[in-house]
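**Student:** Dropping in model-v6.cif, with mmCIF, C-alpha atoms.
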data_my_file
#
loop_
_atom_site.label_atom_id
_atom_site.label_comp_id
_atom_site.auth_asym_id
_atom_site.auth_seq_id
_atom_site.Cartn_x
_atom_site.Cartn_y
_atom_site.Cartn_z
CA MET F 12 80.03 -72.69 38.05
CA ALA F 13 81.76 -69.54 39.18
CA ALA F 14 79.70 -66.47 39.90
CA PHE F 15 80.07 -63.80 37.24
CA LYS F 16 80.53 -60.30 38.63
CA ARG F 17 79.58 -57.51 36.26
CA PRO F 18 81.90 -54.53 36.19
CA GLU F 19 80.48 -51.32 37.61
CA LEU F 20 79.89 -48.73 34.92
CA VAL F 21 79.41 -45.92 37.41
CA GLN F 22 81.42 -45.86 40.58
CA PRO F 23 79.30 -45.47 43.69
CA VAL F 24 79.46 -42.06 45.35
CA THR F 25 81.30 -42.31 48.64
CA THR F 26 82.05 -38.64 49.27
CA PRO F 27 79.75 -35.64 48.96
CA GLN F 28 79.72 -33.99 45.57
CA HIS F 29 80.28 -30.24 45.58
CA PHE F 30 78.52 -27.88 43.18
CA THR F 31 80.88 -26.03 40.91
CA PRO F 32 79.39 -22.82 39.53
CA PRO F 33 79.66 -22.30 35.78
CA THR F 34 82.50 -20.14 34.61
CA ALA F 35 81.99 -16.83 32.84
CA ARG F 36 82.84 -18.50 29.55
CA GLU F 37 80.16 -21.19 30.05
CA ARG F 38 77.54 -18.58 31.00
CA ARG F 39 78.41 -16.49 27.94
CA ALA F 40 78.18 -19.56 25.67
CA GLU F 41 74.78 -20.43 27.13
CA ALA F 42 73.54 -16.87 26.62
CA VAL F 43 74.74 -16.85 23.01
CA GLN F 44 73.03 -20.17 22.36
CA ARG F 45 69.76 -18.86 23.81
CA LEU F 46 70.00 -15.74 21.64
CA GLN F 47 70.63 -17.84 18.55
CA VAL F 48 67.62 -20.05 19.25
CA GLY F 49 65.39 -17.04 19.90
CA LEU F 50 66.47 -15.19 16.77
CA PHE F 51 66.07 -18.32 14.67
CA GLY F 52 62.54 -18.74 16.04
CA LEU F 53 61.66 -15.11 15.27
CA ALA F 54 63.04 -15.42 11.73
CA THR F 55 61.03 -18.61 11.20
CA MET F 56 57.81 -16.93 12.35
CA LEU F 57 58.50 -13.94 10.10
CA LEU F 58 58.98 -16.21 7.09
CA LEU F 59 55.80 -18.16 7.87
CA VAL F 60 53.74 -14.98 8.16
CA ALA F 61 55.21 -13.66 4.90
CA LEU F 62 54.42 -16.95 3.14
CA ALA F 63 50.84 -16.90 4.45
CA ASN F 64 50.46 -13.30 3.24
CA ILE F 65 51.70 -14.25 -0.24
CA ILE F 66 49.30 -17.20 -0.39
CA MET F 67 46.35 -15.05 0.69
CA ASP F 68 47.19 -12.36 -1.91
CA ARG F 69 47.41 -14.95 -4.69
CA ALA F 70 44.11 -16.50 -3.59
CA ARG F 71 42.45 -13.08 -3.56
CA LEU F 72 43.75 -12.33 -7.08
CA ALA F 73 42.67 -15.74 -8.37
CA ASP F 74 39.23 -15.27 -6.84
CA ALA F 75 38.87 -11.84 -8.45
CA ALA F 76 39.98 -13.22 -11.83
CA GLY F 77 37.63 -16.20 -11.48
CA THR F 78 34.72 -13.91 -10.67
CA ALA F 79 35.49 -11.75 -13.70
CA LEU F 80 35.69 -14.83 -15.95
CA ALA F 81 32.43 -16.18 -14.55
CA ASN F 82 30.70 -12.84 -15.14
CA ASN F 83 31.99 -12.73 -18.73
CA ALA F 84 30.90 -16.31 -19.38
CA HIS F 85 27.50 -15.64 -17.85
CA SER F 86 26.93 -12.55 -19.98
CA ALA F 87 28.07 -14.41 -23.12
CA ALA F 88 25.71 -17.28 -22.34
CA ALA F 89 22.85 -14.86 -21.77
CA ALA F 90 23.57 -13.18 -25.12
CA SER F 91 23.38 -16.52 -26.96
CA THR F 92 20.20 -18.53 -27.34
CA GLY F 93 18.38 -18.73 -24.08
CA SER F 94 16.70 -22.11 -24.65
CA SER F 95 19.73 -24.22 -25.56
CA ASP F 96 20.15 -27.77 -24.34
CA PRO F 97 23.43 -28.26 -22.39
CA LEU F 98 23.76 -31.87 -23.58
CA ALA F 99 23.29 -30.77 -27.17
CA ASP F 100 25.93 -28.06 -26.66
CA LEU F 101 28.37 -30.74 -25.54
CA GLY F 102 27.45 -32.98 -28.48
CA VAL F 103 26.08 -35.80 -26.34
CA VAL F 104 22.58 -35.72 -27.86
CA PRO F 105 21.38 -34.29 -31.16
CA SER F 106 20.29 -30.71 -31.18
CA PRO F 107 16.53 -30.21 -30.76
CA SER F 108 16.56 -27.75 -33.65
CA ALA F 109 17.99 -30.37 -36.04
CA ALA F 110 15.59 -31.65 -38.66
CA PRO F 111 14.27 -35.21 -38.14
CA ALA F 112 16.12 -37.80 -40.21
CA GLY F 113 13.05 -39.72 -41.41
CA LYS F 114 12.84 -43.44 -42.16
CA GLY F 115 16.26 -43.84 -43.77
CA GLY F 116 18.06 -42.10 -40.91
CA ASN F 117 18.12 -45.13 -38.62
CA ALA F 118 19.54 -47.41 -41.34
CA ASN F 119 22.25 -44.90 -42.15
CA ARG F 120 23.13 -44.54 -38.48
CA ALA F 121 23.31 -48.35 -38.00
CA ALA F 122 25.57 -48.67 -41.06
CA ALA F 123 27.85 -45.92 -39.72
CA VAL F 124 28.22 -47.66 -36.35
CA HIS F 125 29.21 -51.03 -37.84
#
Before anything else, please render the file you have as structure tokens.
**Tutor:**
Amino acid sequence: MAAFKRPELVQPVTTPQHFTPPTARERRAEAVQRLQVGLFGLATMLLLVALANIIMDRARLADAAGTALANNAHSAAAASTGSSDPLADLGVVPSPSAAPAGKGGNANRAAAVH
């Protein structure tokens, strides 16, 4: 079987390589690119700070509105009956102030369920 020789992708360096300084056009292009990146970064930070400020203002307004609603609800609850049962208010259990149904109440309730 013949030996397979791979082609060289990069030619070996046989002579010294000399540094070529960048031209004025290349330096100007690099400076413009750096300015663009810097200005884009500053604009991004400005937008992020503005967005955070808007979010904080909205949260402050919502908190103030929530506090006002809670104070109104608390004063309305205090004005109503003080000894109310929360489960009875929701309709989960019968109200304690309701009159007892008596003997026929259980039969009527069982007939209503079925």
**Student:** Could you put an axis-aligned box around every listed atom of stretch 44-57 of chain F, padded by 3 Å on each side, and send me its centre and edge lengths in Å to one decimal, as lines of an AutoDock Vina configuration file?
**Tutor:**
center_x = 65.4
center_y = -17.1
center_z = 17.0
size_x = 21.2
size_y = 12.2
size_z = 19.7
**Student:** Go ahead and compute the interatomic distance for atom CA of F:Ala61 and atom CA of F:Ala73, in Å to one decimal.
**Tutor:** 18.4 Å
**Student:** Quick check, in Å to one decimal: how far apart do atom CA of F:Gly102 and atom CA of F:Ala79 lie?
**Tutor:** 27.1 Å
